[in-house]
>>> print(open('upload.txt').read())   # compact mmCIF, C-alpha atoms
# COMPACT_ATOMS: atom_id res chain seq x y z
CA MET Z 1 97.83 96.15 85.52
CA ARG Z 2 99.43 93.05 86.94
CA ARG Z 3 100.43 93.20 90.60
CA ILE Z 4 104.04 92.36 89.82
CA ASP Z 5 104.22 95.36 87.49
CA ALA Z 6 102.94 97.59 90.27
CA ILE Z 7 105.50 96.08 92.65
CA LYS Z 8 108.28 96.65 90.11
CA GLU Z 9 107.35 100.32 89.87
CA ILE Z 10 107.12 100.72 93.66
CA ALA Z 11 110.48 98.99 94.16
CA SER Z 12 112.16 101.21 91.58
CA PHE Z 13 110.65 104.31 93.19
CA ALA Z 14 111.72 103.14 96.66
CA LYS Z 15 115.27 102.65 95.45
CA LYS Z 16 115.39 106.16 94.00
CA GLU Z 17 114.01 107.66 97.24
CA ASN Z 18 116.20 105.46 99.46
CA ALA Z 19 112.93 104.41 101.09
CA LEU Z 20 112.42 101.43 103.37
CA LEU Z 21 109.97 98.95 101.88
CA ILE Z 22 107.75 96.55 103.84
CA SER Z 23 106.07 93.88 101.74
CA ASN Z 24 103.00 91.80 102.31
CA ILE Z 25 102.67 88.13 103.20
CA GLY Z 26 102.56 85.46 100.52
CA VAL Z 27 103.14 85.88 96.81
CA PRO Z 28 103.59 89.71 96.90
CA SER Z 29 106.78 89.30 98.97
CA LYS Z 30 108.01 86.65 96.54
CA GLU Z 31 107.28 88.98 93.64
CA LEU Z 32 109.22 91.80 95.30
CA TYR Z 33 112.10 89.43 96.06
CA TYR Z 34 112.09 88.45 92.39
CA VAL Z 35 112.00 91.97 90.94
CA SER Z 36 114.34 93.67 93.42
CA ASP Z 37 115.93 92.08 96.46
CA THR Z 38 117.75 94.62 98.62
CA PRO Z 39 118.49 94.98 102.36
CA GLN Z 40 116.02 97.88 102.29
CA ASN Z 41 113.19 95.36 101.86
CA PHE Z 42 111.49 93.75 104.83
CA TYR Z 43 109.56 90.67 103.73
CA MET Z 44 106.69 90.03 106.14
CA LEU Z 45 106.30 86.26 105.93
CA GLY Z 46 103.51 85.74 108.49
CA SER Z 47 101.16 87.96 110.52
CA MET Z 48 98.64 88.63 107.77
CA GLY Z 49 97.08 92.08 108.12
CA LEU Z 50 99.98 93.74 109.88
CA VAL Z 51 102.08 95.12 107.04
CA SER Z 52 100.46 98.55 107.37
CA SER Z 53 101.10 98.51 111.14
CA ILE Z 54 104.75 97.50 110.82
CA GLY Z 55 105.32 100.30 108.32
CA LEU Z 56 103.55 102.77 110.59
CA GLY Z 57 105.69 101.82 113.59
CA LEU Z 58 108.85 102.07 111.55
CA SER Z 59 107.90 105.45 110.13
CA LEU Z 60 107.26 106.79 113.65
CA ALA Z 61 110.61 105.43 114.82
CA LYS Z 62 112.53 106.81 111.83
CA PRO Z 63 110.90 110.13 110.93
CA ASP Z 64 113.90 111.02 108.77
CA ARG Z 65 113.42 108.03 106.44
CA LYS Z 66 110.68 107.48 103.92
CA VAL Z 67 108.77 104.26 104.59
CA ILE Z 68 106.51 102.50 102.09
CA SER Z 69 104.33 99.48 102.86
CA ILE Z 70 102.86 97.30 100.14
CA ASP Z 71 99.52 96.01 101.41
CA GLY Z 72 96.67 94.17 99.70
CA ASP Z 73 92.90 94.41 99.79
CA GLY Z 74 92.43 91.11 101.64
CA SER Z 75 95.06 92.07 104.19
CA ILE Z 76 93.85 95.60 104.92
CA LEU Z 77 90.32 94.24 105.30
CA MET Z 78 91.74 92.15 108.16
CA ASN Z 79 93.10 95.25 109.92
CA LEU Z 80 90.85 98.16 108.98
CA GLY Z 81 91.54 99.74 112.36
CA SER Z 82 95.05 100.42 111.07
CA LEU Z 83 93.58 103.01 108.70
CA THR Z 84 92.17 104.90 111.68
CA THR Z 85 95.49 104.74 113.54
CA ILE Z 86 97.37 106.05 110.50
CA ALA Z 87 94.82 108.89 110.30
CA SER Z 88 95.34 109.72 113.98
CA THR Z 89 99.14 109.67 113.84
CA GLN Z 90 99.61 111.17 110.36
CA PRO Z 91 103.30 110.45 109.89
CA SER Z 92 104.71 112.72 107.20
CA ASN Z 93 107.15 110.08 105.90
CA TYR Z 94 104.79 107.14 105.40
CA VAL Z 95 103.07 105.95 102.25
CA LEU Z 96 100.76 102.96 102.47
CA VAL Z 97 100.20 101.41 99.05
CA ILE Z 98 97.26 99.03 98.87
CA ILE Z 99 97.24 96.86 95.76
CA ASP Z 100 93.59 96.02 95.29
CA ASN Z 101 92.96 93.08 93.00
CA GLY Z 102 89.65 92.10 94.61
CA SER Z 103 90.92 88.67 95.58
CA TYR Z 104 92.94 86.59 98.01
CA GLY Z 105 95.62 85.89 95.44
CA SER Z 106 97.90 83.67 97.49
CA THR Z 107 95.17 81.25 98.50
CA GLY Z 108 93.34 80.55 95.26
CA ASP Z 109 91.81 83.84 94.16
CA GLN Z 110 88.76 83.79 96.41
CA PRO Z 111 86.95 87.13 95.98
CA THR Z 112 87.27 89.81 98.66
CA ALA Z 113 84.61 92.36 99.56
CA THR Z 114 86.24 94.89 97.23
CA SER Z 115 85.15 92.72 94.29
CA HIS Z 116 81.58 93.37 95.44
CA TYR Z 117 80.51 96.69 96.95
CA SER Z 118 83.32 97.77 99.29
CA ASN Z 119 85.67 100.56 98.32
CA ILE Z 120 89.02 100.84 100.07
CA ALA Z 121 89.60 104.48 99.10
CA THR Z 122 86.24 105.47 100.59
CA ILE Z 123 86.97 103.48 103.74
CA ALA Z 124 90.42 105.09 104.06
CA LYS Z 125 88.88 108.55 103.68
CA GLY Z 126 86.15 107.71 106.15
CA ALA Z 127 88.85 106.63 108.58
CA GLY Z 128 90.05 110.22 108.47
CA ASN Z 129 93.01 110.05 106.12
CA ARG Z 130 93.37 113.37 104.35
CA ARG Z 131 95.39 112.15 101.40
CA VAL Z 132 94.00 109.12 99.61
CA ASP Z 133 94.71 108.60 95.91
CA GLU Z 134 93.71 105.83 93.56
CA VAL Z 135 95.26 104.72 90.28
CA ASN Z 136 93.96 102.27 87.72
CA GLU Z 137 96.61 102.30 85.03
CA LYS Z 138 100.26 101.40 85.13
CA HIS Z 139 101.42 104.65 83.59
CA GLU Z 140 99.69 106.63 86.38
CA LEU Z 141 101.45 104.81 89.18
CA ARG Z 142 104.88 106.44 89.00
CA ALA Z 143 103.41 109.94 88.97
CA ALA Z 144 101.12 109.07 91.88
CA LEU Z 145 104.11 107.87 93.92
CA GLU Z 146 106.12 110.98 93.00
CA ASN Z 147 103.23 113.23 94.01
CA MET Z 148 102.52 111.69 97.40
CA SER Z 149 104.92 112.48 100.23
CA SER Z 150 102.63 110.69 102.66
CA GLY Z 151 99.21 109.10 102.54
CA ILE Z 152 97.38 106.11 101.17
CA LEU Z 153 97.59 105.03 97.56
CA ILE Z 154 95.17 102.45 96.19
CA VAL Z 155 96.43 100.64 93.09
CA LYS Z 156 93.83 98.68 91.17
CA ALA Z 157 95.26 95.48 89.74
CA GLU Z 158 94.11 92.32 88.03
CA PRO Z 159 93.80 89.16 90.09
CA GLY Z 160 96.52 86.57 89.66
CA ASN Z 161 100.09 85.83 90.65
CA ALA Z 162 103.28 86.14 88.65
CA ASN Z 163 106.14 83.71 89.00
CA GLY Z 164 107.82 85.05 92.10
CA LYS Z 165 110.85 83.46 93.67
CA VAL Z 166 111.10 81.52 96.91
CA ILE Z 167 112.76 83.81 99.41
CA GLU Z 168 116.06 82.18 100.22
CA LEU Z 169 116.62 84.10 103.42
CA THR Z 170 115.72 83.05 106.93
CA PRO Z 171 113.45 85.42 108.89
CA LYS Z 172 116.44 86.34 111.06
CA GLN Z 173 118.53 87.13 108.00
CA ILE Z 174 115.73 89.31 106.64
CA ILE Z 175 115.46 91.37 109.81
CA GLY Z 176 119.20 91.32 110.46
CA ARG Z 177 120.25 92.85 107.18
CA PHE Z 178 117.28 95.25 107.25
CA MET Z 179 118.31 96.61 110.65
CA ASP Z 180 121.99 96.65 109.61
CA HIS Z 181 120.98 98.81 106.72
CA ILE Z 182 118.92 101.18 108.88
CA SER Z 183 121.61 101.58 111.52
CA SER Z 184 124.64 101.32 109.21
CA ARG Z 185 126.17 98.96 111.72
CA PRO Z 186 125.98 95.20 112.23
CA TYR Z 187 122.94 93.97 114.09
CA ASP Z 188 123.75 90.85 116.08
CA LEU Z 189 121.80 87.82 115.09
CA VAL Z 190 120.75 85.59 117.95
CA MET Q 191 115.19 100.29 143.09
CA SER Q 192 112.58 99.35 145.63
CA GLY Q 193 113.89 102.33 147.63
CA TYR Q 194 111.83 104.43 145.27
CA VAL Q 195 108.62 102.89 146.56
CA ASN Q 196 107.08 104.16 149.79
CA ARG Q 197 103.72 103.83 151.45
CA GLY Q 198 102.14 106.41 149.20
CA THR Q 199 103.40 105.02 145.90
CA LYS Q 200 100.54 104.25 143.58
CA PRO Q 201 100.61 101.09 141.45
CA TYR Q 202 100.61 103.08 138.20
CA ASP Q 203 103.48 105.30 139.41
CA ALA Q 204 105.62 102.24 140.03
CA VAL Q 205 104.76 100.73 136.63
CA PHE Q 206 105.44 104.00 134.84
CA LYS Q 207 108.80 104.39 136.58
CA GLY Q 208 109.69 100.85 135.50
CA ILE Q 209 108.80 101.70 131.90
CA LEU Q 210 110.88 104.90 132.01
CA ASP Q 211 113.85 103.16 133.62
CA SER Q 212 113.71 100.49 130.91
CA LYS Q 213 114.13 103.40 128.49
CA ILE Q 214 111.00 102.35 126.62
CA ASP Q 215 110.34 105.08 124.08
CA LEU Q 216 107.40 103.83 122.04
CA VAL Q 217 104.22 102.46 123.59
CA THR Q 218 101.01 101.21 121.99
CA SER Q 219 97.89 100.72 124.07
CA VAL Q 220 94.37 99.37 124.20
CA PRO Q 221 92.59 100.60 127.33
CA CYS Q 222 91.57 98.79 130.49
CA ILE Q 223 90.09 100.61 133.49
CA ASN Q 224 93.14 99.51 135.50
CA LEU Q 225 95.43 101.16 132.93
CA LYS Q 226 93.59 104.47 132.98
CA GLU Q 227 96.19 106.51 134.87
CA LEU Q 228 99.13 104.74 133.27
CA ILE Q 229 97.88 105.43 129.74
CA HIS Q 230 97.46 109.08 130.63
CA MET Q 231 101.03 109.22 131.97
CA VAL Q 232 102.41 107.61 128.83
CA GLU Q 233 100.35 109.95 126.64
CA THR Q 234 101.68 113.06 128.36
CA SER Q 235 105.30 111.88 128.66
CA ASN Q 236 107.89 113.74 126.58
CA ASP Q 237 110.10 110.65 126.50
CA ILE Q 238 107.60 108.30 124.91
CA ILE Q 239 105.75 108.14 121.60
CA HIS Q 240 102.29 106.84 122.46
CA VAL Q 241 100.13 105.21 119.82
CA PRO Q 242 96.62 104.22 120.94
CA VAL Q 243 95.48 101.36 118.71
CA SER Q 244 92.17 99.76 117.78
CA ARG Q 245 93.18 96.16 118.49
CA GLU Q 246 96.08 94.54 120.32
CA GLU Q 247 97.41 92.75 117.24
CA GLU Q 248 97.79 96.09 115.52
CA GLY Q 249 99.76 97.35 118.51
CA VAL Q 250 102.08 94.35 118.30
CA GLY Q 251 102.71 95.13 114.62
CA ILE Q 252 103.42 98.81 115.26
CA CYS Q 253 105.84 97.91 118.05
CA ALA Q 254 107.60 95.41 115.76
CA GLY Q 255 108.10 98.07 113.09
CA ALA Q 256 109.31 100.57 115.67
CA TYR Q 257 111.76 98.04 117.06
CA MET Q 258 113.26 97.68 113.58
CA GLY Q 259 113.75 101.44 113.74
CA PHE Q 260 115.60 100.92 117.05
CA LYS Q 261 112.87 101.91 119.47
CA ARG Q 262 112.39 100.12 122.77
CA THR Q 263 108.77 99.15 122.75
CA ALA Q 264 105.94 98.18 125.05
CA ILE Q 265 102.24 97.43 124.71
CA LEU Q 266 99.73 98.19 127.45
CA MET Q 267 96.72 95.93 127.25
CA GLN Q 268 94.14 93.84 129.04
CA ASN Q 269 94.66 90.09 128.97
CA SER Q 270 91.49 89.71 126.87
CA GLY Q 271 93.64 91.16 124.09
CA LEU Q 272 96.10 88.29 124.23
CA GLY Q 273 93.76 86.22 122.11
CA ASN Q 274 93.60 89.06 119.60
CA SER Q 275 97.36 89.04 119.18
CA ILE Q 276 98.54 85.42 119.41
CA ASN Q 277 99.20 85.04 115.69
CA ALA Q 278 101.25 88.23 115.53
CA LEU Q 279 103.23 87.32 118.64
CA ALA Q 280 104.09 83.95 117.11
CA SER Q 281 104.40 84.58 113.37
CA LEU Q 282 105.98 88.03 113.69
CA ASN Q 283 107.82 88.43 117.03
CA LEU Q 284 108.88 84.84 117.63
CA LEU Q 285 109.59 84.20 113.94
CA TYR Q 286 111.95 87.14 113.46
CA GLY Q 287 113.17 87.47 117.04
CA ILE Q 288 111.54 90.78 117.94
CA PRO Q 289 111.42 91.80 121.62
CA LEU Q 290 108.39 93.46 123.20
CA LEU Q 291 107.47 94.39 126.75
CA MET Q 292 103.84 93.48 127.41
CA ILE Q 293 102.28 95.22 130.40
CA VAL Q 294 99.07 93.29 130.93
CA SER Q 295 96.16 94.12 133.20
CA HIS Q 296 95.23 90.59 134.19
CA ARG Q 297 91.49 90.52 134.63
CA GLY Q 298 89.42 87.50 135.59
CA THR Q 299 91.55 87.05 138.68
CA ASP Q 300 90.92 87.56 142.39
CA GLU Q 301 87.46 88.94 143.01
CA GLU Q 302 86.61 89.74 139.38
CA THR Q 303 82.98 90.80 139.12
CA ILE Q 304 82.57 90.51 135.36
CA SER Q 305 81.93 86.88 134.47
CA ALA Q 306 83.08 87.34 130.87
CA GLN Q 307 86.58 88.08 132.12
CA ILE Q 308 86.96 84.69 133.82
CA PRO Q 309 87.72 82.44 130.81
CA MET Q 310 90.63 84.52 129.48
CA GLY Q 311 91.71 85.24 133.05
CA ASP Q 312 92.26 81.51 133.56
CA LEU Q 313 93.71 80.91 130.12
CA THR Q 314 96.22 83.77 129.98
CA PRO Q 315 99.19 82.06 131.69
CA LYS Q 316 98.48 78.80 129.84
CA LEU Q 317 98.41 80.54 126.48
CA LEU Q 318 101.69 82.30 127.24
CA ASP Q 319 103.21 78.97 128.31
CA THR Q 320 102.00 77.34 125.11
CA ILE Q 321 103.48 79.91 122.75
CA GLY Q 322 106.69 80.19 124.75
CA ILE Q 323 106.42 83.76 125.95
CA PRO Q 324 108.01 84.23 129.40
CA TYR Q 325 105.97 86.13 131.96
CA PHE Q 326 106.12 87.50 135.44
CA ILE Q 327 103.10 87.77 137.75
CA THR Q 328 103.16 90.16 140.68
CA ASP Q 329 100.75 91.98 142.90
CA SER Q 330 103.54 93.84 144.65
CA VAL Q 331 103.90 97.56 144.09
CA ILE Q 332 107.30 97.28 145.76
CA GLU Q 333 108.61 94.70 143.31
CA VAL Q 334 106.94 95.71 140.06
CA HIS Q 335 109.54 98.31 139.06
CA ASP Q 336 112.42 95.86 139.11
CA ILE Q 337 110.31 93.17 137.47
CA ILE Q 338 109.55 95.48 134.55
CA VAL Q 339 113.21 96.43 134.15
CA ASP Q 340 114.14 92.72 134.25
CA ALA Q 341 111.37 91.84 131.80
CA TRP Q 342 112.62 94.29 129.17
CA GLU Q 343 116.21 93.13 129.65
CA LYS Q 344 115.07 89.57 129.21
CA ALA Q 345 113.06 90.50 126.11
CA GLU Q 346 116.09 92.13 124.50
CA LEU Q 347 118.40 89.32 125.47
CA MET Q 348 116.06 86.55 124.30
CA ARG Q 349 114.72 88.58 121.38
CA LYS Q 350 111.12 87.73 122.18
CA PRO Q 351 108.12 89.26 123.93
CA VAL Q 352 108.06 89.11 127.73
CA ALA Q 353 104.84 89.78 129.65
CA VAL Q 354 104.26 91.29 133.07
CA LEU Q 355 100.85 90.18 134.35
CA LEU Q 356 99.32 92.55 136.88
CA PRO Q 357 96.20 91.11 138.52
CA ILE Q 358 93.33 93.03 140.08
CA SER Q 359 94.97 92.78 143.53
CA PHE Q 360 97.99 94.70 142.19
CA TRP Q 361 95.92 97.65 141.05
CA ARG Q 362 94.06 97.76 144.40
CA SER Q 363 97.18 97.65 146.53
CA ILE Q 364 98.77 100.71 148.08
>>> encode(input="upload.txt", output="structure tokens")
Amino acid sequence: MRRIDAIKEIASFAKKENALLISNIGVPSKELYYVSDTPQNFYMLGSMGLVSSIGLGLSLAKPDRKVISIDGDGSILMNLGSLTTIASTQPSNYVLVIIDNGSYGSTGDQPTATSHYSNIATIAKGAGNRRVDEVNEKHELRAALENMSSGILIVKAEPGNANGKVIELTPKQIIGRFMDHISSRPYDLV
Amino acid sequence: MSGYVNRGTKPYDAVFKGILDSKIDLVTSVPCINLKELIHMVETSNDIIHVPVSREEEGVGICAGAYMGFKRTAILMQNSGLGNSINALASLNLLYGIPLLMIVSHRGTDEETISAQIPMGDLTPKLLDTIGIPYFITDSVIEVHDIIVDAWEKAELMRKPVAVLLPISFWRSI
């Protein structure tokens, strides 16, 4: 499946669940912005590797809200320790989706280790995560999301970028409206 | 608040009290021998969610997410971890305006015996200056409580990380 199709499905599921959605640096955030821009999205524009950590921190802070992070293979390979921390903390409201297309899509499709011998699902299990699922086909994705209250979901995708949209929000607008939404009250911008 | 401190007050007690009085309620940590007691206190506190992390940058990310969920956050780390977290501090915290209290065991200072600590010991204040993160340095157990409370207030007000650097002499003082 194409990554944007996976993102569309995740965004639609997040909307239905009233979940908070954290999206990965680069083109994936632009694709999410294009398919579904809502205050419930936090677009991580920098800090490659940290989308899984931001989602984990948020899920620990808001145990009553479902939190979903959209990570990538290149990004999680930069922060594999995060998989061990998620295993140690085991938040019951957090789903980490890793879209694995075997490449650094935003920088020219250089291959990642998952295009060779490395397997993210096996790594996530080895890190101690009890619930790790993997889907290959688009039609399996919705059911996998429905069936997983918390855990790590690997989504195999083809390399390549869709035509996303430039995010016409400043970083402070992104965080401001996101926190407004979470608190249901205005969050002062500095 | 210095009235709290007396001759028997341990450095880690004063730091912990500062963290509690700042109403910090989520802490990430990477260990340092000087943070041993403090990490244990945070771990066993009922008022604080403690998340031990594998690398400082990861801790910065977790704190950023928790802040968006309205937690007051701190990271406990050794200054060697500053280099591991510079990109996150700049392209996450400074970019979005996310506060963070950084309690830093500042090694490579005073009579440091491990030569490998010296380079980052020297570079730590310069790196913080360069990326525009305010910091306090103290070796006073009497003053550290108020400094920590001020540091968090400043972090919230300025919406950026603020560091408290605690050199070897601080941890040895009584």
>>> interface_residues(input="upload.txt", of="chain Q", to="chain Z", cutoff="9 Å", atoms="all atoms listed in the file", output="JSON, numbers by chain")
{"Q": [216, 239, 241, 242, 243, 244, 245, 247, 248, 249, 250, 251, 252, 253, 254, 255, 256, 257, 258, 259, 260, 261, 277, 278, 279, 280, 281, 282, 285, 286, 287, 347, 348, 349]}
>>> residues_around(input="upload.txt", residues="Ile229 of chain Q", least_positions_apart="6", cutoff="8 Å", atoms="all atoms listed in the file", output="ChimeraX atom specification")
/Q:219,221,266
>>> closest_residue(input="upload.txt", among="Q:Lys207, Q:His335, Q:Lys316, Q:Lys213", to="Leu272 of chain Q", atoms="all atoms listed in the file")
Q:Lys316
>>> closest_residue(input="upload.txt", among="Z:Met78, Z:Leu20, Z:Val27, Z:Ala143", to="Gln40 of chain Z", atoms="all atoms listed in the file")
Z:Leu20
>>> atom_distance(input="upload.txt", atom1="atom CA of Leu21 of chain Z", atom2="atom CA of Thr263 of chain Q")
20.9 Å
>>> closest_residue(input="upload.txt", among="Q:Ile288, Q:Val220, Q:Leu225, Q:Leu318", to="Phe360 of chain Q", atoms="all atoms listed in the file")
Q:Leu225
>>> atom_distance(input="upload.txt", atom1="atom CA of Lys8 of chain Z", atom2="atom CA of Glu31 of chain Z")
8.5 Å
>>> atom_distance(input="upload.txt", atom1="atom CA of Glu158 of chain Z", atom2="atom CA of Gly126 of chain Z")
25.1 Å
>>> closest_residue(input="upload.txt", among="Z:Lys66, Z:Ile123, Z:Ser150, Z:Pro111", to="Lys16 of chain Z", atoms="all atoms listed in the file")
Z:Lys66
>>> closest_residue(input="upload.txt", among="Q:Pro351, Q:Gly208, Q:Trp361, Q:Ile321", to="Glu227 of chain Q", atoms="all atoms listed in the file")
Q:Trp361
>>> residues_around(input="upload.txt", residues="Ser29 of chain Z", least_positions_apart="5", cutoff="10 Å", atoms="only C-alpha atoms", output="list in words")
Ile7, Ile22, Ser23, Asn24, Tyr34, Val35, Asp37, Asn41, Phe42, Tyr43, Met44, Leu45, Ile70, Gly164, Lys165, Val166 and Ile167 of chain Z
>>> write_last_selection(input="upload.txt", atoms="C-alpha atoms", output="CSV table (one decimal), in the frame of the given file")
chain,number,residue,atom,x,y,z
Z,7,ILE,CA,105.5,96.1,92.6
Z,22,ILE,CA,107.8,96.6,103.8
Z,23,SER,CA,106.1,93.9,101.7
Z,24,ASN,CA,103.0,91.8,102.3
Z,34,TYR,CA,112.1,88.4,92.4
Z,35,VAL,CA,112.0,92.0,90.9
Z,37,ASP,CA,115.9,92.1,96.5
Z,41,ASN,CA,113.2,95.4,101.9
Z,42,PHE,CA,111.5,93.8,104.8
Z,43,TYR,CA,109.6,90.7,103.7
Z,44,MET,CA,106.7,90.0,106.1
Z,45,LEU,CA,106.3,86.3,105.9
Z,70,ILE,CA,102.9,97.3,100.1
Z,164,GLY,CA,107.8,85.0,92.1
Z,165,LYS,CA,110.8,83.5,93.7
Z,166,VAL,CA,111.1,81.5,96.9
Z,167,ILE,CA,112.8,83.8,99.4
>>> residues_around(input="upload.txt", residues="Leu96 of chain Z", least_positions_apart="4", cutoff="7 Å", atoms="all atoms listed in the file", output="PyMOL selection string")
chain Z and resi 52+68-70+151-153
>>> residues_around(input="upload.txt", residues="Ile98 of chain Z", least_positions_apart="4", cutoff="7 Å", atoms="only C-alpha atoms", output="VMD selection string")
chain Z and resid 70 to 73 153 to 155
